[in-house]
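Report on the structure given below.
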Amino acid sequence: MTLPSHLKTSAAIVARGVVGLALSFALIAGAMPASARQAATAPVQAPAAVPAIQGQGPALWVVKDADSTLYLFGSVHVLRPTTGWESPRVKAAFDSASDVWFEISNPDDQAAIVPLIQQYGVSPTYRNATTLTTGELTLFANAAHDLGLDAVKMDNFRPWFAGLMLSVTPLVKAGYDPKSGVEIVLKARAEAAGKPVHGFETIDKQVRILADMPEAVQLAFLRETLKDYDEATVKLDEMVEDWARGDVPAIERLMVQEMKTDSPALYKALLVDRNTDWANQIQTLLQGSGTAFIAVGAAHLAGPDSVQAQLKARGVDVEAVQ
């Protein structure tokens, strides 16, 4: 594995939302001008209906024991409003649940995200202007302008934070809307129905996954984001199409196998370790009773180290819902 390959993969992984584009949106909203932030973080209203699915729709699994039923749904954190994903079986599973679980329970909580941005995303001793090349600074300025920001005011943004912000901007320009993402929609519905919402992780933990990457990896992530800025939607478009029709092997090829091959350390940190933790928590949930609906990024439910694979290795039965 070459270092450039490792870093290119890092950028692609984050941009495709393995860590969580709901978190990405919260980070961006926390750094936007006040007027833009107010619009971006307006209360989300649960839509009356999600657009019709094409074919069977995204995959769904179920874990059961004598007194517990846990549904596992692989989500995409940011979608175009026209993307259909709620099949009858997904709706029935969600409606039957008394509790709802996501990667993080509060991706839209600005009170929680702003201090983390200040602590981990901004550094008075770091300057993009002295690190990037002249050509990269031009791309940086153009991308910042698209976000409604001045590149000068982003000069002290650490590379992981600047790269994350700029990786999401072209997706929004292309019509992807964080408020149409699965978790945001389901969270609004859960709250309207009085269903408790839980998170396997905290916003702090997700931020630290990115902020604790080596500085060289962060910088190359930013450079790769700038380099591929105008084509950022291509892979996400492909992944969303595969996800929306329930093609789990395709998601594994696009998002899981590439990371495992090109960046084993990142694969372990972003997928294997977190999937292990979530499988532990799911086993704990099975010790209780009732029905829960669990929605996490689709990459966590694909491949040899998926949440389902880890549960099966422990003797827990996981079945696909047809």
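All residue names refer to the structure tokens as shown: chains lettered A, B, ... in order, residues numbered from 1 in each chain, ligands numbered from 1 in order.
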(Q) Using DSSP assignments from the backbone, pull out every residue in range 252-299 of chain A that falls under strand (DSSP E) and give it to me as a list in words. (A) Gly290, Thr291, Ala292, Phe293, Ile294, Ala295, Val296 and Gly297 of chain A
Taking N, CA and C atoms for each residue, export the selection above as a compact mmCIF listing (two decimals), in the first residue's frame.
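And here's selection02.txt as it stands now:
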# COMPACT_ATOMS: atom_id res chain seq x y z
N GLY A 290 -38.43 -6.40 24.14
CA GLY A 290 -39.06 -5.37 23.33
C GLY A 290 -38.51 -5.34 21.91
N THR A 291 -38.94 -4.32 21.16
CA THR A 291 -38.58 -4.17 19.75
C THR A 291 -37.86 -2.85 19.54
N ALA A 292 -36.73 -2.90 18.84
CA ALA A 292 -35.96 -1.69 18.54
C ALA A 292 -35.62 -1.65 17.06
N PHE A 293 -35.53 -0.44 16.53
CA PHE A 293 -35.11 -0.23 15.14
C PHE A 293 -33.75 0.45 15.17
N ILE A 294 -32.77 -0.17 14.50
CA ILE A 294 -31.38 0.31 14.52
C ILE A 294 -31.00 0.72 13.10
N ALA A 295 -30.60 1.98 12.93
CA ALA A 295 -30.16 2.47 11.62
C ALA A 295 -28.75 3.03 11.75
N VAL A 296 -27.80 2.42 11.03
CA VAL A 296 -26.41 2.88 11.02
C VAL A 296 -25.94 2.90 9.57
N GLY A 297 -24.81 3.57 9.31
CA GLY A 297 -24.31 3.68 7.95
C GLY A 297 -24.23 2.34 7.24
Q: Tell me which protein, DNA and RNA residues are within 7 Å of range 228-244 of chain A, counting only C-alpha atoms, leaving out same-chain ones fewer than 4 positions away, and put them as a PyMOL selection string.
A: chain A and resi 16+57-58+85+167+170-171+224+248+250-251
Q. What's the 12 Å shell around range 134-146 of chain A, counting only C-alpha atoms, without same-chain residues fewer than 3 positions away, as a count of residues only?
A. 42
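Between CA of Leu270 in chain A and CA of Arg208 in chain A the separation is 11.3 Å.
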Q: Run DSSP on the backbone and give me the residues of range 117-244 of chain A it puts in helix (DSSP H, G or I), as a PyMOL selection string.
A: chain A and resi 117-121+128-130+134-146+151-154+159-173+178-180+182-193+203-211+215-227+229-231+233-244
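Between CA of Trp160 in chain A and CA of Val78 in chain A there is a distance of 19.4 Å.
As for CA of Lys179 in chain A and CA of His77 in chain A, they are spaced 8.9 Å apart.
Closest to Gln283 in chain A among A:Gly315, A:Gly303, A:Pro214, A:Gly84 is A:Gly315, based on only C-alpha atoms.
Using only C-alpha atoms, the nearest neighbour of Val76 in chain A within the list A:Leu132, A:Val321, A:Val182, A:Leu147 is A:Val182.
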Could you give me, as a JSON list (two decimals) with N, CA, C and O atoms, in the first residue's frame, the residues within 9 Å of Gly175 in chain A, counting only C-alpha atoms and dropping anything in the same chain fewer than 6 positions from it?
[["chain", "number", "residue", "atom", "x", "y", "z"],
["A", 79, "LEU", "N", -29.16, 12.44, 1.49],
["A", 79, "LEU", "CA", -29.78, 11.96, 0.26],
["A", 79, "LEU", "C", -30.43, 13.11, -0.50],
["A", 79, "LEU", "O", -30.70, 14.17, 0.06],
["A", 80, "ARG", "N", -30.68, 12.87, -1.77],
["A", 80, "ARG", "CA", -31.53, 13.79, -2.50],
["A", 80, "ARG", "C", -32.97, 13.58, -2.03],
["A", 80, "ARG", "O", -33.37, 12.45, -1.74],
["A", 81, "PRO", "N", -33.77, 14.63, -1.98],
["A", 81, "PRO", "CA", -35.16, 14.49, -1.53],
["A", 81, "PRO", "C", -35.98, 13.55, -2.41],
["A", 81, "PRO", "O", -37.03, 13.06, -1.98]]
Q | Non-local contacts of Asp317 in chain A (10 Å; only C-alpha atoms; under 2 positions in same chain excluded) as a PyMOL selection string | A | chain A and resi 62-65+308-309+311-315+319
Residues as selected, N, CA, C and O atoms, written as a short mmCIF file (atom, residue, chain, number, x, y, z; two decimals), in the first residue's frame, can you do that?
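result_30.cif, freshly written:
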data_model
loop_
_atom_site.label_atom_id
_atom_site.label_comp_id
_atom_site.auth_asym_id
_atom_site.auth_seq_id
_atom_site.Cartn_x
_atom_site.Cartn_y
_atom_site.Cartn_z
N VAL A 62 -33.03 -8.70 10.77
CA VAL A 62 -33.66 -8.78 12.08
C VAL A 62 -32.90 -9.76 12.96
O VAL A 62 -32.41 -10.80 12.50
N VAL A 63 -32.77 -9.40 14.22
CA VAL A 63 -32.17 -10.25 15.25
C VAL A 63 -33.24 -10.50 16.30
O VAL A 63 -33.87 -9.56 16.79
N LYS A 64 -33.44 -11.77 16.66
CA LYS A 64 -34.51 -12.10 17.60
C LYS A 64 -34.02 -13.08 18.66
O LYS A 64 -33.13 -13.90 18.42
N ASP A 65 -34.62 -12.97 19.84
CA ASP A 65 -34.57 -14.05 20.81
C ASP A 65 -35.97 -14.20 21.38
O ASP A 65 -36.95 -13.73 20.77
N GLN A 308 -23.50 -7.70 11.42
CA GLN A 308 -24.17 -9.01 11.37
C GLN A 308 -23.17 -10.15 11.46
O GLN A 308 -23.41 -11.15 12.14
N ALA A 309 -22.03 -10.01 10.74
CA ALA A 309 -21.01 -11.07 10.77
C ALA A 309 -20.46 -11.25 12.17
O ALA A 309 -20.22 -12.39 12.61
N LEU A 311 -22.02 -10.57 14.97
CA LEU A 311 -23.05 -11.20 15.79
C LEU A 311 -23.15 -12.70 15.50
O LEU A 311 -23.26 -13.52 16.42
N LYS A 312 -23.09 -13.06 14.22
CA LYS A 312 -23.19 -14.48 13.85
C LYS A 312 -22.02 -15.27 14.42
O LYS A 312 -22.17 -16.42 14.84
N ALA A 313 -20.83 -14.64 14.45
CA ALA A 313 -19.64 -15.32 15.01
C ALA A 313 -19.81 -15.62 16.49
O ALA A 313 -19.14 -16.50 17.03
N ARG A 314 -20.70 -14.91 17.14
CA ARG A 314 -20.97 -15.11 18.57
C ARG A 314 -22.18 -16.01 18.80
O ARG A 314 -22.64 -16.17 19.93
N GLY A 315 -22.71 -16.56 17.72
CA GLY A 315 -23.85 -17.45 17.84
C GLY A 315 -25.20 -16.76 17.82
O GLY A 315 -26.23 -17.39 18.12
N GLU A 319 -31.13 -12.59 10.41
CA GLU A 319 -31.81 -12.97 9.17
C GLU A 319 -32.17 -11.75 8.35
O GLU A 319 -32.54 -10.70 8.91
#
Q: Identify, on the basis of only C-alpha atoms, every residue whose closest approach to Ser289 in chain A does not exceed 10 Å; exclude the query and any residue fewer than 6 positions from it along the same chain; express the result as a VMD selection string.
A: chain A and resid 64 to 70
